[in-house]
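J.: For reference, the structure I am asking about is given below.
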Amino acid sequence: MKTRVTDILGIEYPIVQGGLAYLAYAELAAAVSNAGGLGQITAATLRTQDKLREEIRKVRSLTKKPFGVNFAIARHDGNYQDLLEVAIEEKVPAISITGGNPQPVLERLKGEDIRTLVLVSGVRQAQKAEELGADAVMAVGQEGGGHIGRDDIGTMVLIPRVVDSISIPVLASGGIGDGRGLLAALALGAEGIEMGTRFIATQECIHANKNYKQAILQAKETDTAIIKKSLGAPGRVLKTDYALDIIKREQEGATYEDLKEMISGLANCKFIYEGSETEGFGWAGQVIGLIDTIPTVQELFDSMIFAANQGISRIGGYFED
């Protein structure tokens, strides 16, 4: 495939793996890159300069292809600059910026030979990212897992709105997990896709507990819920008693201080690492309704490209000569 996204990132297919807090490590990132996409590790959960440097070098030992480092900058409480310097020193091919104001990161990266992607959930954010010099934006609809926009705009409407509002390439995110989603994103004007939840249910996502993966496989598209909406930071998770308890407390007026332990990274890890549904939560998008296998990343890519090609042929048959 050839789009501006593949050209900018130097990849074979315009498929980017999401940052996936506590799950995006070298094994998964390298598998995605080796399959022809852009794999990523996440700086936020590596925390120290030495650990980030070690993980970057581990990716390079597993793949010779481009990869990225995700900076979920809100998770650092502003203290991500040291980690950013490591990524620059190591000359990583790409950096994605999520969960906060991208301006300081983009300004620091000016003049560096590093491609930049910014996650957005609306037109204004996309326009701002372009003004600041981002190479591309990843627009996430409300179907997505993890943190989403506050305006409840679905991917079907969001992507063409963002595409029409900026001149840099757009990757579609939210509700995409197979070749049909890839083809749909391209039809909406995007030049690539970002996926998060789908990559959790792969063999190379070795840090995800089997209970987490099985929950994704067994769930339907109706089995997610949005937590932290009252706190101004909505995020989509698997619908469990734990998640519903958070929502109930929010409805009763709980503050961030009241909820901070329940919504912490530690609580997230309790579920995704240990499989404890009573002590934590797991991020997941509505795309869980489309996931029923745990393939290798290569098998996933092969099936997606095959399905997209099938879709092209099927759609072509609808038009008269």
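Every chain in the structure tokens has a letter given in the order shown (A, B, ...), and although residue numbers restart at 1 in each chain, ligands are simply numbered from 1 in the order shown.
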I want to know what sits within 10 Å of Ala307 of chain A, based on only C-alpha atoms, with residues of the same chain fewer than 6 positions away left out; could you give that as a PyMOL selection string?

T.: chain A and resi 178-183+301+313

J.: Write out as number ranges by chain which residues come within 10 Å of Gln203 of chain A when counting only C-alpha atoms, dropping same-chain ones fewer than 3 positions away.

T.: A: 27-28, 31, 199-200, 206-208, 213, 293-298

J.: May I have all residues of segment 156-238 of chain A that DSSP, computed from the backbone, assigns to helix (DSSP H, G or I), given as a PyMOL selection string?

T.: chain A and resi 156-165+179-187+197-200+210-218+229-231

J.: Write out the residues from the selection above, keeping N, CA and C atoms, as an mmCIF file, in the first residue's frame.

T.:
data_model
loop_
_atom_site.group_PDB
_atom_site.id
_atom_site.type_symbol
_atom_site.label_atom_id
_atom_site.label_comp_id
_atom_site.auth_asym_id
_atom_site.auth_seq_id
_atom_site.Cartn_x
_atom_site.Cartn_y
_atom_site.Cartn_z
ATOM 1 N N MET A 156 -17.211 7.577 12.181
ATOM 2 C CA MET A 156 -17.779 7.769 10.843
ATOM 3 C C MET A 156 -17.930 9.243 10.479
ATOM 4 N N VAL A 157 -18.246 10.080 11.459
ATOM 5 C CA VAL A 157 -18.387 11.513 11.225
ATOM 6 C C VAL A 157 -17.061 12.241 11.463
ATOM 7 N N LEU A 158 -16.342 11.838 12.491
ATOM 8 C CA LEU A 158 -15.121 12.548 12.874
ATOM 9 C C LEU A 158 -14.063 12.530 11.770
ATOM 10 N N ILE A 159 -13.848 11.378 11.151
ATOM 11 C CA ILE A 159 -12.740 11.279 10.202
ATOM 12 C C ILE A 159 -12.909 12.224 9.012
ATOM 13 N N PRO A 160 -14.038 12.214 8.287
ATOM 14 C CA PRO A 160 -14.141 13.161 7.188
ATOM 15 C C PRO A 160 -14.109 14.617 7.631
ATOM 16 N N ARG A 161 -14.628 14.913 8.817
ATOM 17 C CA ARG A 161 -14.552 16.294 9.329
ATOM 18 C C ARG A 161 -13.101 16.719 9.522
ATOM 19 N N VAL A 162 -12.295 15.835 10.118
ATOM 20 C CA VAL A 162 -10.893 16.170 10.337
ATOM 21 C C VAL A 162 -10.144 16.232 9.005
ATOM 22 N N VAL A 163 -10.401 15.259 8.132
ATOM 23 C CA VAL A 163 -9.743 15.242 6.818
ATOM 24 C C VAL A 163 -9.997 16.549 6.069
ATOM 25 N N ASP A 164 -11.227 17.050 6.132
ATOM 26 C CA ASP A 164 -11.586 18.268 5.416
ATOM 27 C C ASP A 164 -11.010 19.527 6.054
ATOM 28 N N SER A 165 -10.528 19.411 7.286
ATOM 29 C CA SER A 165 -10.109 20.607 8.026
ATOM 30 C C SER A 165 -8.610 20.854 8.001
ATOM 31 N N GLY A 179 -9.838 -5.799 8.291
ATOM 32 C CA GLY A 179 -9.644 -5.214 6.974
ATOM 33 C C GLY A 179 -10.801 -4.356 6.523
ATOM 34 N N ARG A 180 -12.008 -4.674 6.985
ATOM 35 C CA ARG A 180 -13.160 -3.847 6.652
ATOM 36 C C ARG A 180 -13.025 -2.457 7.252
ATOM 37 N N GLY A 181 -12.519 -2.404 8.472
ATOM 38 C CA GLY A 181 -12.302 -1.110 9.119
ATOM 39 C C GLY A 181 -11.232 -0.305 8.419
ATOM 40 N N LEU A 182 -10.172 -0.987 7.986
ATOM 41 C CA LEU A 182 -9.116 -0.318 7.229
ATOM 42 C C LEU A 182 -9.681 0.283 5.954
ATOM 43 N N LEU A 183 -10.449 -0.512 5.224
ATOM 44 C CA LEU A 183 -11.028 -0.044 3.965
ATOM 45 C C LEU A 183 -11.998 1.106 4.209
ATOM 46 N N ALA A 184 -12.792 1.000 5.249
ATOM 47 C CA ALA A 184 -13.746 2.068 5.577
ATOM 48 C C ALA A 184 -13.011 3.366 5.908
ATOM 49 N N ALA A 185 -11.924 3.261 6.660
ATOM 50 C CA ALA A 185 -11.153 4.448 7.015
ATOM 51 C C ALA A 185 -10.619 5.143 5.768
ATOM 52 N N LEU A 186 -10.117 4.358 4.832
ATOM 53 C CA LEU A 186 -9.601 4.928 3.592
ATOM 54 C C LEU A 186 -10.730 5.581 2.800
ATOM 55 N N ALA A 187 -11.905 4.960 2.814
ATOM 56 C CA ALA A 187 -13.045 5.525 2.098
ATOM 57 C C ALA A 187 -13.476 6.858 2.702
ATOM 58 N N THR A 197 -6.975 -1.725 20.889
ATOM 59 C CA THR A 197 -7.587 -2.921 21.474
ATOM 60 C C THR A 197 -7.261 -4.175 20.684
ATOM 61 N N ARG A 198 -7.302 -4.089 19.352
ATOM 62 C CA ARG A 198 -7.069 -5.299 18.546
ATOM 63 C C ARG A 198 -5.690 -5.880 18.782
ATOM 64 N N PHE A 199 -4.713 -5.031 19.037
ATOM 65 C CA PHE A 199 -3.357 -5.532 19.245
ATOM 66 C C PHE A 199 -3.163 -6.172 20.621
ATOM 67 N N ILE A 200 -4.067 -5.874 21.569
ATOM 68 C CA ILE A 200 -3.971 -6.542 22.869
ATOM 69 C C ILE A 200 -4.220 -8.039 22.700
ATOM 70 N N LYS A 210 -3.897 -13.510 30.454
ATOM 71 C CA LYS A 210 -4.807 -14.308 29.626
ATOM 72 C C LYS A 210 -6.271 -14.001 29.936
ATOM 73 N N ASN A 211 -6.573 -13.633 31.184
ATOM 74 C CA ASN A 211 -7.948 -13.285 31.532
ATOM 75 C C ASN A 211 -8.404 -12.018 30.815
ATOM 76 N N TYR A 212 -7.487 -11.071 30.649
ATOM 77 C CA TYR A 212 -7.784 -9.834 29.924
ATOM 78 C C TYR A 212 -8.076 -10.160 28.461
ATOM 79 N N LYS A 213 -7.227 -10.978 27.863
ATOM 80 C CA LYS A 213 -7.431 -11.351 26.460
ATOM 81 C C LYS A 213 -8.734 -12.128 26.284
ATOM 82 N N GLN A 214 -9.011 -13.036 27.190
ATOM 83 C CA GLN A 214 -10.238 -13.823 27.087
ATOM 84 C C GLN A 214 -11.478 -12.942 27.264
ATOM 85 N N ALA A 215 -11.373 -11.954 28.135
ATOM 86 C CA ALA A 215 -12.498 -11.037 28.329
ATOM 87 C C ALA A 215 -12.790 -10.276 27.038
ATOM 88 N N ILE A 216 -11.734 -9.890 26.322
ATOM 89 C CA ILE A 216 -11.913 -9.200 25.040
ATOM 90 C C ILE A 216 -12.566 -10.132 24.027
ATOM 91 N N LEU A 217 -12.123 -11.378 23.986
ATOM 92 C CA LEU A 217 -12.685 -12.341 23.036
ATOM 93 C C LEU A 217 -14.154 -12.627 23.306
ATOM 94 N N GLN A 218 -14.510 -12.728 24.566
ATOM 95 C CA GLN A 218 -15.862 -13.149 24.927
ATOM 96 C C GLN A 218 -16.867 -11.998 24.931
ATOM 97 N N LYS A 229 -15.836 10.267 33.115
ATOM 98 C CA LYS A 229 -16.492 11.327 32.337
ATOM 99 C C LYS A 229 -16.721 12.562 33.192
ATOM 100 N N SER A 230 -17.126 12.360 34.444
ATOM 101 C CA SER A 230 -17.389 13.496 35.327
ATOM 102 C C SER A 230 -16.109 14.241 35.684
ATOM 103 N N LEU A 231 -14.959 13.599 35.457
ATOM 104 C CA LEU A 231 -13.665 14.219 35.767
ATOM 105 C C LEU A 231 -13.082 14.937 34.554
#

J.: Name all residues at most 12 Å from segment 266-281 of chain A (count only C-alpha atoms; drop same-chain ones fewer than 4 positions away) and give them as a VMD selection string.

T.: chain A and resid 20 to 23 45 146 200 to 201 205 to 216 224 to 227 235 to 246 259 to 262

J.: Taking only C-alpha atoms into account, which of A:Met138, A:Ala72, A:Leu119, A:Ala219 comes nearest Ala284 of chain A?

T.: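 Nearest candidate to Ala284 of chain A out of A:Met138, A:Ala72, A:Leu119, A:Ala219: A:Ala219.
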
J.: Using only C-alpha atoms, which residues sit within 12 Å of Gly68 of chain A once same-chain residues fewer than 5 positions away are excluded, as a VMD selection string?

T.: chain A and resid 9 to 11 16 to 19 24 to 26 28 to 30 32 to 33 37 to 43 55 to 56 59 to 60 87 to 88 90 to 97 114 to 117

J.: Keeping only N, CA, C and O atoms, take the residues you just selected and write them out as a compact mmCIF listing (two decimals), in the first residue's frame.

T.:
# COMPACT_ATOMS: atom_id res chain seq x y z
N LEU A 9 6.31 7.61 7.22
CA LEU A 9 6.83 6.73 8.26
C LEU A 9 7.78 5.66 7.72
O LEU A 9 8.45 4.97 8.51
N GLY A 10 7.82 5.49 6.40
CA GLY A 10 8.70 4.48 5.82
C GLY A 10 8.25 3.06 6.10
O GLY A 10 9.06 2.17 6.34
N ILE A 11 6.91 2.85 6.07
CA ILE A 11 6.36 1.54 6.39
C ILE A 11 5.61 0.98 5.19
O ILE A 11 5.32 1.70 4.23
N VAL A 16 -0.84 1.71 12.40
CA VAL A 16 -0.03 2.11 13.55
C VAL A 16 -0.62 1.47 14.81
O VAL A 16 -1.83 1.48 15.02
N GLN A 17 0.25 0.92 15.62
CA GLN A 17 -0.16 0.33 16.91
C GLN A 17 -0.23 1.43 17.96
O GLN A 17 0.66 2.26 18.08
N GLY A 18 -1.32 1.45 18.71
CA GLY A 18 -1.50 2.47 19.74
C GLY A 18 -0.50 2.34 20.88
O GLY A 18 0.20 1.33 21.02
N GLY A 19 -0.46 3.38 21.72
CA GLY A 19 0.51 3.42 22.82
C GLY A 19 0.31 2.36 23.88
O GLY A 19 1.26 1.88 24.47
N ALA A 24 2.62 -1.82 25.80
CA ALA A 24 3.37 -1.55 24.56
C ALA A 24 4.87 -1.64 24.83
O ALA A 24 5.54 -0.64 25.07
N TYR A 25 5.37 -2.87 24.75
CA TYR A 25 6.79 -3.12 24.95
C TYR A 25 7.42 -3.63 23.66
O TYR A 25 6.77 -3.75 22.63
N ALA A 26 8.69 -3.95 23.74
CA ALA A 26 9.48 -4.23 22.54
C ALA A 26 8.94 -5.38 21.71
O ALA A 26 8.95 -5.32 20.48
N LEU A 28 5.89 -6.58 21.21
CA LEU A 28 4.73 -6.22 20.40
C LEU A 28 5.12 -5.20 19.34
O LEU A 28 4.74 -5.32 18.17
N ALA A 29 5.87 -4.18 19.75
CA ALA A 29 6.26 -3.13 18.80
C ALA A 29 7.03 -3.71 17.62
O ALA A 29 6.76 -3.39 16.46
N ALA A 30 7.98 -4.59 17.91
CA ALA A 30 8.79 -5.19 16.84
C ALA A 30 7.95 -6.06 15.93
O ALA A 30 8.14 -6.07 14.71
N VAL A 32 4.78 -5.69 15.19
CA VAL A 32 3.98 -4.82 14.31
C VAL A 32 4.85 -4.24 13.22
O VAL A 32 4.47 -4.21 12.04
N SER A 33 6.03 -3.77 13.58
CA SER A 33 6.93 -3.21 12.58
C SER A 33 7.37 -4.26 11.58
O SER A 33 7.42 -4.01 10.36
N GLY A 37 3.78 -2.55 9.66
CA GLY A 37 3.16 -1.37 10.24
C GLY A 37 4.17 -0.58 11.06
O GLY A 37 5.39 -0.75 10.93
N LEU A 38 3.67 0.29 11.93
CA LEU A 38 4.52 1.03 12.86
C LEU A 38 4.19 0.58 14.27
O LEU A 38 3.13 0.92 14.81
N GLY A 39 5.08 -0.20 14.87
CA GLY A 39 4.93 -0.59 16.25
C GLY A 39 5.43 0.51 17.17
O GLY A 39 6.23 1.36 16.77
N GLN A 40 4.95 0.50 18.41
CA GLN A 40 5.37 1.52 19.36
C GLN A 40 5.60 0.93 20.76
O GLN A 40 4.93 -0.03 21.14
N ILE A 41 6.52 1.55 21.46
CA ILE A 41 6.63 1.34 22.90
C ILE A 41 6.13 2.62 23.56
O ILE A 41 6.07 3.68 22.94
N THR A 42 5.74 2.50 24.82
CA THR A 42 5.19 3.68 25.49
C THR A 42 6.13 4.15 26.59
O THR A 42 6.54 3.38 27.46
N ALA A 43 6.50 5.43 26.52
CA ALA A 43 7.45 5.98 27.48
C ALA A 43 6.85 6.11 28.87
O ALA A 43 7.54 5.94 29.88
N GLU A 55 14.65 -0.30 26.40
CA GLU A 55 13.55 -0.82 25.60
C GLU A 55 13.69 -0.42 24.13
O GLU A 55 13.38 -1.21 23.23
N ILE A 56 14.14 0.80 23.88
CA ILE A 56 14.39 1.24 22.50
C ILE A 56 15.42 0.33 21.84
O ILE A 56 15.25 -0.11 20.70
N VAL A 59 13.95 -3.05 21.00
CA VAL A 59 13.18 -3.03 19.75
C VAL A 59 14.12 -3.15 18.56
O VAL A 59 13.89 -3.94 17.63
N ARG A 60 15.20 -2.39 18.60
CA ARG A 60 16.15 -2.40 17.47
C ARG A 60 16.83 -3.76 17.30
O ARG A 60 17.26 -4.11 16.21
N ALA A 87 14.71 9.59 23.79
CA ALA A 87 14.19 9.23 22.47
C ALA A 87 14.93 10.00 21.37
O ALA A 87 15.22 9.44 20.30
N ILE A 88 15.24 11.26 21.63
CA ILE A 88 15.97 12.06 20.65
C ILE A 88 17.40 11.55 20.50
O ILE A 88 17.91 11.39 19.39
N GLU A 90 18.50 8.62 21.02
CA GLU A 90 18.49 7.32 20.37
C GLU A 90 18.00 7.39 18.92
O GLU A 90 17.95 6.36 18.24
N LYS A 91 17.63 8.60 18.50
CA LYS A 91 17.21 8.83 17.10
C LYS A 91 16.08 7.88 16.68
O LYS A 91 16.15 7.21 15.65
N VAL A 92 15.04 7.83 17.50
CA VAL A 92 13.90 6.97 17.16
C VAL A 92 13.24 7.51 15.89
O VAL A 92 13.22 8.73 15.66
N PRO A 93 12.70 6.65 15.06
CA PRO A 93 12.11 7.11 13.80
C PRO A 93 10.86 7.97 13.96
O PRO A 93 10.61 8.87 13.16
N ALA A 94 10.04 7.68 14.99
CA ALA A 94 8.76 8.39 15.13
C ALA A 94 8.40 8.54 16.60
O ALA A 94 8.77 7.71 17.44
N ILE A 95 7.67 9.62 16.89
CA ILE A 95 7.14 9.86 18.23
C ILE A 95 5.67 10.22 18.08
O ILE A 95 5.30 11.06 17.25
N SER A 96 4.82 9.57 18.88
CA SER A 96 3.41 9.93 18.92
C SER A 96 3.12 10.61 20.26
O SER A 96 3.71 10.26 21.28
N ILE A 97 2.19 11.56 20.22
CA ILE A 97 1.89 12.37 21.39
C ILE A 97 0.40 12.23 21.67
O ILE A 97 -0.45 12.51 20.82
N ILE A 114 12.78 13.17 13.17
CA ILE A 114 11.83 12.29 13.85
C ILE A 114 10.43 12.65 13.38
O ILE A 114 10.04 13.81 13.44
N ARG A 115 9.70 11.66 12.92
CA ARG A 115 8.33 11.91 12.47
C ARG A 115 7.40 12.02 13.68
O ARG A 115 7.59 11.32 14.68
N THR A 116 6.39 12.89 13.57
CA THR A 116 5.52 13.15 14.72
C THR A 116 4.05 12.90 14.38
O THR A 116 3.54 13.33 13.35
N LEU A 117 3.38 12.20 15.29
CA LEU A 117 1.96 11.90 15.18
C LEU A 117 1.27 12.41 16.44
O LEU A 117 1.77 12.21 17.55

J.: Between atom CA of Gly232 of chain A and atom CA of Leu84 of chain A, what is the distance in Å, rounded to a tenth?

T.: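 Atom CA of Gly232 of chain A sits 26.3 Å away from atom CA of Leu84 of chain A.
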
J.: So how many Å separate atom CA of Val5 of chain A and atom CA of Asp135 of chain A, to one decimal?

T.: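 Going from atom CA of Val5 of chain A over to atom CA of Asp135 of chain A, I get 8.9 Å.
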
J.: Quick check, in Å to one decimal: how far apart do atom CA of Glu299 of chain A and atom CA of Gly177 of chain A lie?

T.: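 Straight-line distance from atom CA of Glu299 of chain A to atom CA of Gly177 of chain A works out to 13.0 Å.
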
J.: Hey, what's within 8 Å of segment 98-100 of chain A if we count only C-alpha atoms and toss same-chain stuff fewer than 4 positions away? As an mmCIF file with N, CA, C and O atoms, in the first residue's frame, please?

T.:
data_model
loop_
_atom_site.group_PDB
_atom_site.id
_atom_site.type_symbol
_atom_site.label_atom_id
_atom_site.label_comp_id
_atom_site.auth_asym_id
_atom_site.auth_seq_id
_atom_site.Cartn_x
_atom_site.Cartn_y
_atom_site.Cartn_z
ATOM 1 N N ASN A 70 5.667 6.275 22.106
ATOM 2 C CA ASN A 70 4.479 7.046 22.466
ATOM 3 C C ASN A 70 4.723 7.822 23.754
ATOM 4 O O ASN A 70 5.230 7.277 24.732
ATOM 5 N N PHE A 71 4.350 9.098 23.736
ATOM 6 C CA PHE A 71 4.405 9.932 24.924
ATOM 7 C C PHE A 71 2.985 10.340 25.304
ATOM 8 O O PHE A 71 2.389 11.216 24.677
ATOM 9 N N ALA A 72 2.430 9.635 26.285
ATOM 10 C CA ALA A 72 1.120 10.003 26.842
ATOM 11 C C ALA A 72 1.405 11.051 27.904
ATOM 12 O O ALA A 72 1.539 10.749 29.086
ATOM 13 N N ILE A 73 1.525 12.289 27.459
ATOM 14 C CA ILE A 73 2.185 13.294 28.298
ATOM 15 C C ILE A 73 1.408 13.641 29.557
ATOM 16 O O ILE A 73 2.007 14.043 30.558
ATOM 17 N N ALA A 74 0.095 13.485 29.553
ATOM 18 C CA ALA A 74 -0.667 13.776 30.773
ATOM 19 C C ALA A 74 -0.289 12.824 31.897
ATOM 20 O O ALA A 74 -0.374 13.163 33.075
ATOM 21 N N ARG A 75 0.157 11.623 31.547
ATOM 22 C CA ARG A 75 0.510 10.627 32.561
ATOM 23 C C ARG A 75 1.800 10.994 33.292
ATOM 24 O O ARG A 75 2.096 10.474 34.359
ATOM 25 N N VAL A 118 0.118 13.056 16.272
ATOM 26 C CA VAL A 118 -0.614 13.592 17.423
ATOM 27 C C VAL A 118 -2.017 13.006 17.436
ATOM 28 O O VAL A 118 -2.728 13.052 16.428
ATOM 29 N N LEU A 119 -2.420 12.473 18.586
ATOM 30 C CA LEU A 119 -3.779 11.942 18.739
ATOM 31 C C LEU A 119 -4.738 13.091 19.024
ATOM 32 O O LEU A 119 -4.501 13.906 19.929
ATOM 33 N N VAL A 120 -5.829 13.157 18.248
ATOM 34 C CA VAL A 120 -6.826 14.211 18.429
ATOM 35 C C VAL A 120 -8.215 13.588 18.461
ATOM 36 O O VAL A 120 -8.413 12.458 18.013
ATOM 37 N N HIS A 147 -8.596 6.535 26.606
ATOM 38 C CA HIS A 147 -9.103 7.899 26.677
ATOM 39 C C HIS A 147 -9.595 8.385 25.316
ATOM 40 O O HIS A 147 -8.937 8.201 24.298
#

J.: List every residue of segment 195-311 of chain A that DSSP, applied to the backbone of this structure, places in strand (DSSP E), and write the result as a list of chain:residue names.

T.: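 Filtering segment 195-311 of chain A to strand (DSSP E) leaves A:Met195, A:Thr224, A:Ala225, A:Ile226, A:Ile227, A:Gly235, A:Arg236, A:Val237, A:Leu238.
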